[in-house]
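Structure first, then comments.
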Amino acid sequence: MTTNVLIAFYSRNGATETLAKALAEGALAEGAEVRLRRARDIVGPEVMAQVPGWAESAARMDALYQAPTAEEIDWADAIVFGSPTRYGAVAAELKAYIDSLGGAWFQGKFNGKAGSAFSATMTHHGGAESTTLSLYPIMAHLGLIIVPTGYADPVMFGAGTPYGAHAAVDGKQISTPPDSDLEVARYQGRRVARVAGALKTLRG
Ligand SMILES: Cc1cc2nc3c(=O)[nH]c(=O)nc-3n(C[C@H](O)[C@H](O)[C@H](O)COP(=O)(O)O)c2cc1C
């Protein structure tokens with residue numbers, strides 16, 4: 001029985017995307033099927049023009065990743081949310097996707113499935129943990145079984161947060177996170193896939 005992992009992320013500049021791809025590698029290594037989906041932009045072109053490269057980066061990602069849909073919640077055994085920090089909390093673009101899921105929520109389609117979250121920031125103390133944690137109440141309301149990273153793997157003693165993987169772009173526009181950050185994301189992907197597989201068996 002295959003385990004299906006939906007990674008629904010928003011990224012404007014690629015840092016969250018990089019983590020999402022590493023998390024997907026981990027889930028794939030665990031034998032899961034993975035869908036990487038980028039939530040669409042909701043701000044106007046005048047905002048996207050404020051920083052050189054934003055519009056191009058968004059267009060590149062939109063060509064690579066479909067938008068996440070409500071129907072995919074049926075398919076998914078795990079839903080993993082990834083967001084850049086916006087003042088210490090989830091980005092409006094990802095929240096807009098989540099807010100489109102009320103119908104699936106009412107129908108109990110999240111119940112007993114695995115949920116997990118990760119984030120990217122500008123600086124190391126710029127709100128990684130609060131951003132990931134801002135997704136925890138949402139996952140609880142949806143009825144997901146929250147899968148934190150914890151300290152259940154040696155990679156967690158070198159990077160990440162116990163709540164989810166993290167990368168900081170360190171003042172750069174384009175980030176290439178160190179491998180220690182990506183290792184945490186891969187581990188998170190493996191862990192989420194394992195837990196989601198076990199929960200799927202329980203749901204029958
Ligand atoms: C409106 C806005 C608010 C932001 N707030 C913060 C913040 O509070 N702390 C921080 O470290 N970075 C903040 N950032 C920066 C992004 O979260 C950071 O660059 C992130 O790595 C971008 O991820 P992405 O490359 O996936 O888009 C903010 C960016 C924007 C546009």
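Here, A, B, ... name the chains of the structure tokens in the order displayed, residue numbers run from 1 inside each chain, and ligands are numbered from 1 in the same displayed order.
For segment 83-90 of chain A, the non-local neighbours within 8 Å, defined as residues at least 3 positions apart in the same chain or in other chains and counting only C-alpha atoms, are Phe9, Tyr10, Ser11, Ala15, Thr16, Leu94, Lys95, Phe118, Ser119, Ala120, Thr121, Gly126, Gly127, Ala128, Ser130, Thr131, Thr132, Ser134 and Leu135 of chain A.
Excluding segment 154-158 of chain A and any residue on its chain fewer than 3 positions from it, the residues at most 7 Å away by only C-alpha atoms are Tyr151, Ser180, Glu183 and Val184 of chain A.
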What's the 12 Å shell around Phe110 of chain A, counting only C-alpha atoms, without same-chain residues fewer than 4 positions away, as a ChimeraX atom specification?
-> /A:70-80,98,101-106,114-115,138-146,196,199-200,203
Selected residues written out with N, CA and C atoms, as an mmCIF file, in the first residue's frame:
```
data_model
loop_
_atom_site.group_PDB
_atom_site.id
_atom_site.type_symbol
_atom_site.label_atom_id
_atom_site.label_comp_id
_atom_site.auth_asym_id
_atom_site.auth_seq_id
_atom_site.Cartn_x
_atom_site.Cartn_y
_atom_site.Cartn_z
ATOM 1 N N ALA A 70 -7.990 21.298 -3.325
ATOM 2 C CA ALA A 70 -8.725 20.641 -2.241
ATOM 3 C C ALA A 70 -8.874 19.145 -2.527
ATOM 4 N N GLU A 71 -8.993 18.794 -3.806
ATOM 5 C CA GLU A 71 -9.193 17.382 -4.175
ATOM 6 C C GLU A 71 -7.997 16.533 -3.748
ATOM 7 N N GLU A 72 -6.825 17.155 -3.688
ATOM 8 C CA GLU A 72 -5.627 16.370 -3.356
ATOM 9 C C GLU A 72 -5.615 15.903 -1.908
ATOM 10 N N ILE A 73 -6.471 16.499 -1.080
ATOM 11 C CA ILE A 73 -6.547 16.028 0.310
ATOM 12 C C ILE A 73 -7.090 14.591 0.330
ATOM 13 N N ASP A 74 -7.972 14.260 -0.603
ATOM 14 C CA ASP A 74 -8.466 12.876 -0.720
ATOM 15 C C ASP A 74 -7.307 11.924 -0.968
ATOM 16 N N TRP A 75 -6.398 12.361 -1.857
ATOM 17 C CA TRP A 75 -5.268 11.516 -2.279
ATOM 18 C C TRP A 75 -4.233 11.352 -1.160
ATOM 19 N N ALA A 76 -4.055 12.424 -0.387
ATOM 20 C CA ALA A 76 -2.915 12.485 0.541
ATOM 21 C C ALA A 76 -3.141 11.655 1.809
ATOM 22 N N ASP A 77 -2.069 10.992 2.244
ATOM 23 C CA ASP A 77 -2.027 10.373 3.574
ATOM 24 C C ASP A 77 -1.268 11.262 4.546
ATOM 25 N N ALA A 78 -0.477 12.176 3.996
ATOM 26 C CA ALA A 78 0.231 13.174 4.808
ATOM 27 C C ALA A 78 0.149 14.498 4.074
ATOM 28 N N ILE A 79 -0.052 15.556 4.832
ATOM 29 C CA ILE A 79 -0.046 16.911 4.265
ATOM 30 C C ILE A 79 1.031 17.686 5.012
ATOM 31 N N VAL A 80 2.007 18.174 4.254
ATOM 32 C CA VAL A 80 3.116 18.924 4.845
ATOM 33 C C VAL A 80 3.065 20.349 4.311
ATOM 34 N N ILE A 98 -4.929 27.067 2.435
ATOM 35 C CA ILE A 98 -5.495 26.354 3.586
ATOM 36 C C ILE A 98 -6.945 26.790 3.814
ATOM 37 N N LEU A 101 -9.832 25.066 2.124
ATOM 38 C CA LEU A 101 -10.026 23.639 2.415
ATOM 39 C C LEU A 101 -11.168 23.372 3.393
ATOM 40 N N GLY A 102 -12.006 24.392 3.613
ATOM 41 C CA GLY A 102 -13.088 24.220 4.587
ATOM 42 C C GLY A 102 -14.006 23.051 4.264
ATOM 43 N N GLY A 103 -14.289 22.849 2.983
ATOM 44 C CA GLY A 103 -15.183 21.745 2.604
ATOM 45 C C GLY A 103 -14.589 20.399 2.977
ATOM 46 N N ALA A 104 -13.304 20.225 2.654
ATOM 47 C CA ALA A 104 -12.613 18.964 2.998
ATOM 48 C C ALA A 104 -12.578 18.783 4.511
ATOM 49 N N TRP A 105 -12.374 19.885 5.228
ATOM 50 C CA TRP A 105 -12.345 19.846 6.695
ATOM 51 C C TRP A 105 -13.694 19.392 7.245
ATOM 52 N N PHE A 106 -14.789 20.014 6.776
ATOM 53 C CA PHE A 106 -16.135 19.644 7.239
ATOM 54 C C PHE A 106 -16.425 18.167 6.983
ATOM 55 N N ALA A 114 -1.388 12.301 8.679
ATOM 56 C CA ALA A 114 -0.213 12.952 9.261
ATOM 57 C C ALA A 114 -0.100 14.385 8.744
ATOM 58 N N GLY A 115 0.301 15.297 9.642
ATOM 59 C CA GLY A 115 0.549 16.685 9.249
ATOM 60 C C GLY A 115 1.895 17.134 9.777
ATOM 61 N N ILE A 138 -3.465 25.220 13.209
ATOM 62 C CA ILE A 138 -4.235 24.920 11.994
ATOM 63 C C ILE A 138 -4.289 23.406 11.782
ATOM 64 N N MET A 139 -3.141 22.749 11.937
ATOM 65 C CA MET A 139 -3.115 21.290 11.744
ATOM 66 C C MET A 139 -3.993 20.607 12.786
ATOM 67 N N ALA A 140 -3.987 21.149 14.019
ATOM 68 C CA ALA A 140 -4.838 20.567 15.068
ATOM 69 C C ALA A 140 -6.316 20.721 14.712
ATOM 70 N N HIS A 141 -6.683 21.915 14.246
ATOM 71 C CA HIS A 141 -8.091 22.147 13.888
ATOM 72 C C HIS A 141 -8.521 21.245 12.736
ATOM 73 N N LEU A 142 -7.591 21.008 11.821
ATOM 74 C CA LEU A 142 -7.935 20.174 10.667
ATOM 75 C C LEU A 142 -8.126 18.714 11.072
ATOM 76 N N GLY A 143 -7.543 18.324 12.217
ATOM 77 C CA GLY A 143 -7.662 16.927 12.644
ATOM 78 C C GLY A 143 -6.474 16.074 12.247
ATOM 79 N N LEU A 144 -5.396 16.743 11.844
ATOM 80 C CA LEU A 144 -4.188 16.002 11.472
ATOM 81 C C LEU A 144 -3.446 15.527 12.725
ATOM 82 N N ILE A 145 -2.718 14.450 12.594
ATOM 83 C CA ILE A 145 -1.829 13.985 13.661
ATOM 84 C C ILE A 145 -0.483 14.658 13.402
ATOM 85 N N ILE A 146 -0.113 15.595 14.278
ATOM 86 C CA ILE A 146 1.070 16.425 14.010
ATOM 87 C C ILE A 146 2.349 15.624 14.221
ATOM 88 N N ALA A 196 2.854 8.465 8.399
ATOM 89 C CA ALA A 196 1.646 8.469 7.547
ATOM 90 C C ALA A 196 1.291 7.059 7.104
ATOM 91 N N LEU A 199 -0.305 5.314 10.072
ATOM 92 C CA LEU A 199 -1.660 5.830 10.301
ATOM 93 C C LEU A 199 -2.628 5.322 9.246
ATOM 94 N N LYS A 200 -2.120 5.170 8.027
ATOM 95 C CA LYS A 200 -2.987 4.672 6.947
ATOM 96 C C LYS A 200 -3.452 3.252 7.268
ATOM 97 N N ARG A 203 -6.155 3.496 9.808
ATOM 98 C CA ARG A 203 -7.444 3.978 9.286
ATOM 99 C C ARG A 203 -8.157 2.886 8.499
#
```
Which residue out of A:Thr2, A:Asn111, A:Ser100, A:Thr123 has the minimum interatomic distance to Leu28 of chain A when only C-alpha atoms are used?
->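 That would be A:Thr2, the residue with the smallest distance to Leu28 of chain A.
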In chain A, what's alpha helix (DSSP H) per DSSP? Answer as a count of residues only?
-> 86
Polymer residues at most 12 Å from Arg191 of chain A, only C-alpha atoms, same-chain spacing of 6 or more positions, as a PyMOL selection string = chain A and resi 5+23-32+78+80+114-116+146-153+164-165+184-185+197-198
Using DSSP on the backbone, list every residue of segment 25-142 of chain A that comes out as strand (DSSP E or B), and give them as a PyMOL selection string.
-> chain A and resi 33-38+78-84+86+89+114-121
Which residue out of A:Leu202, A:Leu19, A:Leu36, A:Ala193 has the minimum interatomic distance to ligand 1 when only C-alpha atoms and all ligand atoms are used?
-> A:Leu19
Could you work out how far atom CA of Ala168 of chain A lies from atom CA of Ala58 of chain A, giving the answer in Å with one decimal?
->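 So the answer is 19.0 Å.
For the choices A:Asp62, A:Asp170, A:Glu56, A:Asp99, the atom-to-atom distance to ligand 1 is smallest for A:Asp170 when using only C-alpha atoms and all ligand atoms.
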